[in-house]
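Novice: Enclosed is the structure file upload-v3.tsv (TSV, C-alpha atoms).
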```tsv
chain	number	residue	atom	x	y	z
A	218	MET	CA	-182.48	-5.99	44.11
A	219	ASN	CA	-180.27	-8.99	43.40
A	220	ILE	CA	-179.21	-10.20	39.96
A	221	GLY	CA	-181.89	-12.91	39.89
A	222	LYS	CA	-184.70	-10.42	40.32
A	223	ALA	CA	-183.08	-7.99	37.84
A	224	SER	CA	-182.85	-10.88	35.38
A	225	ASN	CA	-186.51	-11.78	35.82
A	226	GLU	CA	-187.68	-8.19	35.45
A	227	SER	CA	-185.52	-7.41	32.42
A	228	GLY	CA	-185.82	-10.75	30.62
A	229	ILE	CA	-182.02	-11.05	30.33
A	230	PHE	CA	-180.12	-14.03	31.72
A	231	ALA	CA	-177.91	-13.26	34.72
A	232	LYS	CA	-174.85	-14.47	32.80
A	233	MET	CA	-175.51	-11.86	30.09
A	234	ILE	CA	-176.02	-9.12	32.67
A	235	ARG	CA	-172.61	-9.90	34.16
A	236	TYR	CA	-171.12	-9.90	30.63
A	237	TYR	CA	-172.69	-6.51	29.82
A	238	GLU	CA	-171.09	-5.13	32.99
A	239	GLN	CA	-167.74	-6.71	32.10
A	240	ILE	CA	-167.62	-5.10	28.63
A	241	GLY	CA	-168.81	-1.74	29.94
A	242	LEU	CA	-172.24	-1.71	28.29
A	243	ILE	CA	-173.71	-1.03	31.72
A	244	PRO	CA	-171.84	0.74	34.51
A	245	ALA	CA	-170.35	-1.21	37.39
A	246	ILE	CA	-173.14	-2.12	39.77
A	247	GLY	CA	-172.91	-1.32	43.46
A	248	ARG	CA	-172.34	-4.18	45.85
A	249	THR	CA	-173.78	-5.09	49.22
A	250	GLU	CA	-171.49	-5.67	52.20
A	251	ALA	CA	-171.64	-9.38	51.37
A	252	GLY	CA	-170.37	-8.67	47.83
A	253	TYR	CA	-173.63	-9.26	45.96
A	254	ARG	CA	-174.59	-6.97	43.10
A	255	ASP	CA	-177.36	-4.55	44.10
A	256	TYR	CA	-179.46	-3.36	41.13
A	257	ALA	CA	-181.63	-0.25	41.21
A	258	PRO	CA	-184.78	0.26	39.13
A	259	ASN	CA	-182.79	2.48	36.73
A	260	ASP	CA	-180.39	-0.41	36.10
A	261	VAL	CA	-183.29	-2.70	35.19
A	262	HIS	CA	-184.71	0.01	32.90
A	263	ARG	CA	-181.34	0.18	31.11
A	264	LEU	CA	-181.29	-3.61	30.74
A	265	ILE	CA	-184.79	-3.59	29.25
A	266	PHE	CA	-183.65	-0.92	26.77
A	267	ILE	CA	-180.63	-3.03	25.80
A	268	ARG	CA	-182.83	-6.11	25.33
A	269	SER	CA	-185.22	-4.11	23.14
A	270	ALA	CA	-182.37	-2.76	21.03
A	271	ARG	CA	-180.92	-6.26	20.62
A	272	ASP	CA	-184.37	-7.58	19.61
A	273	LEU	CA	-184.46	-4.90	16.90
A	274	GLY	CA	-181.14	-6.12	15.53
A	275	PHE	CA	-178.65	-3.66	17.03
A	276	SER	CA	-175.23	-5.12	17.78
A	277	LEU	CA	-173.38	-4.70	21.05
A	278	GLU	CA	-170.94	-2.30	19.42
```
Translate the structure of the given file into structure tokens.

Specialist:
Amino acid sequence: MNIGKASNESGIFAKMIRYYEQIGLIPAIGRTEAGYRDYAPNDVHRLIFIRSARDLGFSLE
């Protein structure tokens, strides 16, 4: 799925998803032949976990 759909399903803005990838909080996401990020259901599950942890007050570190 594309970053827009992953954003909608996880409740995290696309800009933050790209930032999490940049700092290594999530692994580098595979790309389509056109260069678009291609998220799997496990990636969205990880993003939902991160959002939940952040809501509970955990820092990015």

Novice: List the neighbours of Ser269 (chain A) out to 12 Å using only C-alpha atoms; skip same-chain residues closer than 6 positions along the sequence, and give me the result as a list in words.

Specialist: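 So the residues in contact are Ser227, Gly228, Ile229, His262, Arg263, Phe275 and Ser276 of chain A.
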
Novice: Counting only C-alpha atoms, what is within 8 Å of Asp255 (chain A), bar same-chain residues fewer than 2 positions away, as a PyMOL selection string?

Specialist: chain A and resi 218-220+246-249+253+257

Novice: How about saving the chosen residues, C-alpha atoms kept, as a PDB file, in the frame of the given file?

Specialist:
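As written to disk, part11.pdb reads:
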```pdb
ATOM      1  CA  MET A 218    -182.480  -5.990  44.110  1.00  0.00           C
ATOM      2  CA  ASN A 219    -180.270  -8.990  43.400  1.00  0.00           C
ATOM      3  CA  ILE A 220    -179.210 -10.200  39.960  1.00  0.00           C
ATOM      4  CA  ILE A 246    -173.140  -2.120  39.770  1.00  0.00           C
ATOM      5  CA  GLY A 247    -172.910  -1.320  43.460  1.00  0.00           C
ATOM      6  CA  ARG A 248    -172.340  -4.180  45.850  1.00  0.00           C
ATOM      7  CA  THR A 249    -173.780  -5.090  49.220  1.00  0.00           C
ATOM      8  CA  TYR A 253    -173.630  -9.260  45.960  1.00  0.00           C
ATOM      9  CA  ALA A 257    -181.630  -0.250  41.210  1.00  0.00           C
TER      10      ALA A 257
END
```

Novice: May I have the residues within 9 Å of Ala223 (chain A) as a compact mmCIF listing (two decimals) with C-alpha atoms, in the frame of the given file, using only C-alpha atoms and disregarding those fewer than 6 positions away in the same chain?

Specialist:
```txt
# COMPACT_ATOMS: atom_id res chain seq x y z
CA ILE A 229 -182.02 -11.05 30.33
CA ALA A 231 -177.91 -13.26 34.72
CA ILE A 234 -176.02 -9.12 32.67
CA TYR A 256 -179.46 -3.36 41.13
CA ALA A 257 -181.63 -0.25 41.21
CA PRO A 258 -184.78 0.26 39.13
CA ASP A 260 -180.39 -0.41 36.10
CA VAL A 261 -183.29 -2.70 35.19
CA LEU A 264 -181.29 -3.61 30.74
```

Novice: May I ask which of the residues A:Leu277, A:Met233, A:Gly221, A:Ala270 is the closest one to Arg254 (chain A), counting all atoms listed in the file?

Specialist: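 Counting all atoms listed in the file, the residue closest to Arg254 (chain A) is A:Gly221.
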
Novice: Could you jot down the CA of Ile243 (chain A) to CA of Phe266 (chain A) separation for me, Å, one decimal place?

Specialist: 11.1 Å

Novice: Restricted to N, CA and C atoms, what does region 225-274 of chain A look like when written out as a short mmCIF file (atom, residue, chain, number, x, y, z; two decimals), in the first residue's frame?

Specialist:
```cif
data_model
loop_
_atom_site.label_atom_id
_atom_site.label_comp_id
_atom_site.auth_asym_id
_atom_site.auth_seq_id
_atom_site.Cartn_x
_atom_site.Cartn_y
_atom_site.Cartn_z
N ASN A 225 -3.39 6.74 6.73
CA ASN A 225 -4.79 6.66 7.16
C ASN A 225 -5.03 5.50 8.12
N GLU A 226 -4.44 4.35 7.83
CA GLU A 226 -4.66 3.18 8.67
C GLU A 226 -3.95 3.26 10.01
N SER A 227 -2.81 3.94 10.05
CA SER A 227 -2.05 4.02 11.30
C SER A 227 -2.38 5.26 12.12
N GLY A 228 -2.94 6.28 11.50
CA GLY A 228 -3.23 7.52 12.21
C GLY A 228 -2.01 8.40 12.37
N ILE A 229 -0.97 8.17 11.58
CA ILE A 229 0.26 8.96 11.63
C ILE A 229 0.41 9.70 10.31
N PHE A 230 0.72 10.99 10.39
CA PHE A 230 0.90 11.78 9.18
C PHE A 230 2.04 11.21 8.34
N ALA A 231 1.89 11.32 7.02
CA ALA A 231 2.90 10.79 6.09
C ALA A 231 4.28 11.40 6.36
N LYS A 232 4.30 12.68 6.70
CA LYS A 232 5.58 13.35 6.98
C LYS A 232 6.28 12.67 8.16
N MET A 233 5.53 12.29 9.19
CA MET A 233 6.12 11.63 10.35
C MET A 233 6.58 10.22 10.00
N ILE A 234 5.85 9.54 9.14
CA ILE A 234 6.26 8.20 8.71
C ILE A 234 7.61 8.28 8.01
N ARG A 235 7.75 9.25 7.11
CA ARG A 235 9.04 9.42 6.43
C ARG A 235 10.14 9.76 7.43
N TYR A 236 9.84 10.58 8.44
CA TYR A 236 10.82 10.93 9.47
C TYR A 236 11.22 9.70 10.27
N TYR A 237 10.25 8.87 10.66
CA TYR A 237 10.56 7.65 11.41
C TYR A 237 11.49 6.74 10.61
N GLU A 238 11.28 6.68 9.31
CA GLU A 238 12.17 5.88 8.45
C GLU A 238 13.56 6.51 8.40
N GLN A 239 13.61 7.83 8.31
CA GLN A 239 14.89 8.54 8.21
C GLN A 239 15.75 8.34 9.46
N ILE A 240 15.13 8.33 10.65
CA ILE A 240 15.91 8.18 11.88
C ILE A 240 16.12 6.73 12.27
N GLY A 241 15.55 5.80 11.50
CA GLY A 241 15.77 4.38 11.74
C GLY A 241 14.80 3.76 12.73
N LEU A 242 13.73 4.46 13.08
CA LEU A 242 12.74 3.89 14.00
C LEU A 242 11.96 2.76 13.32
N ILE A 243 11.77 2.88 12.02
CA ILE A 243 11.21 1.80 11.22
C ILE A 243 12.24 1.47 10.14
N PRO A 244 12.27 0.23 9.71
CA PRO A 244 13.25 -0.14 8.67
C PRO A 244 12.92 0.54 7.33
N ALA A 245 13.91 0.62 6.48
CA ALA A 245 13.69 1.18 5.15
C ALA A 245 12.60 0.38 4.44
N ILE A 246 11.67 1.10 3.87
CA ILE A 246 10.51 0.48 3.22
C ILE A 246 10.86 0.19 1.77
N GLY A 247 10.37 -0.96 1.30
CA GLY A 247 10.58 -1.31 -0.11
C GLY A 247 9.92 -0.30 -1.03
N ARG A 248 10.42 -0.25 -2.23
CA ARG A 248 9.91 0.71 -3.21
C ARG A 248 9.38 -0.01 -4.44
N THR A 249 8.40 0.61 -5.08
CA THR A 249 7.90 0.10 -6.35
C THR A 249 8.89 0.48 -7.44
N GLU A 250 8.66 0.00 -8.65
CA GLU A 250 9.52 0.36 -9.77
C GLU A 250 9.49 1.85 -10.05
N ALA A 251 8.38 2.49 -9.70
CA ALA A 251 8.25 3.94 -9.91
C ALA A 251 8.89 4.74 -8.78
N GLY A 252 9.37 4.06 -7.73
CA GLY A 252 10.05 4.74 -6.64
C GLY A 252 9.17 5.07 -5.45
N TYR A 253 7.91 4.65 -5.48
CA TYR A 253 7.01 4.92 -4.36
C TYR A 253 7.22 3.91 -3.25
N ARG A 254 7.09 4.37 -2.00
CA ARG A 254 7.18 3.45 -0.88
C ARG A 254 6.02 2.46 -0.94
N ASP A 255 6.28 1.22 -0.58
CA ASP A 255 5.28 0.15 -0.65
C ASP A 255 5.18 -0.51 0.73
N TYR A 256 4.18 -0.13 1.51
CA TYR A 256 4.02 -0.61 2.89
C TYR A 256 3.24 -1.91 2.94
N ALA A 257 3.69 -2.80 3.81
CA ALA A 257 3.01 -4.08 4.05
C ALA A 257 2.18 -3.94 5.32
N PRO A 258 1.24 -4.85 5.54
CA PRO A 258 0.45 -4.80 6.78
C PRO A 258 1.31 -4.80 8.05
N ASN A 259 2.43 -5.51 8.04
CA ASN A 259 3.31 -5.51 9.22
C ASN A 259 3.89 -4.12 9.48
N ASP A 260 4.17 -3.37 8.43
CA ASP A 260 4.68 -2.01 8.59
C ASP A 260 3.63 -1.12 9.26
N VAL A 261 2.39 -1.27 8.84
CA VAL A 261 1.30 -0.48 9.44
C VAL A 261 1.13 -0.88 10.90
N HIS A 262 1.22 -2.17 11.21
CA HIS A 262 1.12 -2.63 12.59
C HIS A 262 2.21 -1.99 13.44
N ARG A 263 3.41 -1.91 12.92
CA ARG A 263 4.52 -1.28 13.65
C ARG A 263 4.23 0.20 13.88
N LEU A 264 3.69 0.88 12.87
CA LEU A 264 3.36 2.29 13.01
C LEU A 264 2.27 2.51 14.07
N ILE A 265 1.29 1.63 14.11
CA ILE A 265 0.25 1.73 15.12
C ILE A 265 0.85 1.54 16.52
N PHE A 266 1.78 0.60 16.65
CA PHE A 266 2.47 0.39 17.93
C PHE A 266 3.24 1.64 18.34
N ILE A 267 3.95 2.25 17.40
CA ILE A 267 4.71 3.47 17.69
C ILE A 267 3.76 4.58 18.13
N ARG A 268 2.65 4.75 17.42
CA ARG A 268 1.68 5.78 17.79
C ARG A 268 1.15 5.54 19.20
N SER A 269 0.84 4.29 19.52
CA SER A 269 0.34 3.96 20.86
C SER A 269 1.37 4.27 21.93
N ALA A 270 2.62 3.92 21.67
CA ALA A 270 3.69 4.20 22.63
C ALA A 270 3.86 5.69 22.83
N ARG A 271 3.80 6.46 21.73
CA ARG A 271 3.93 7.91 21.82
C ARG A 271 2.76 8.51 22.60
N ASP A 272 1.55 7.97 22.40
CA ASP A 272 0.37 8.44 23.13
C ASP A 272 0.51 8.18 24.63
N LEU A 273 1.25 7.13 25.00
CA LEU A 273 1.47 6.81 26.40
C LEU A 273 2.61 7.62 27.02
N GLY A 274 3.31 8.41 26.19
CA GLY A 274 4.33 9.28 26.72
C GLY A 274 5.76 8.84 26.46
#
```
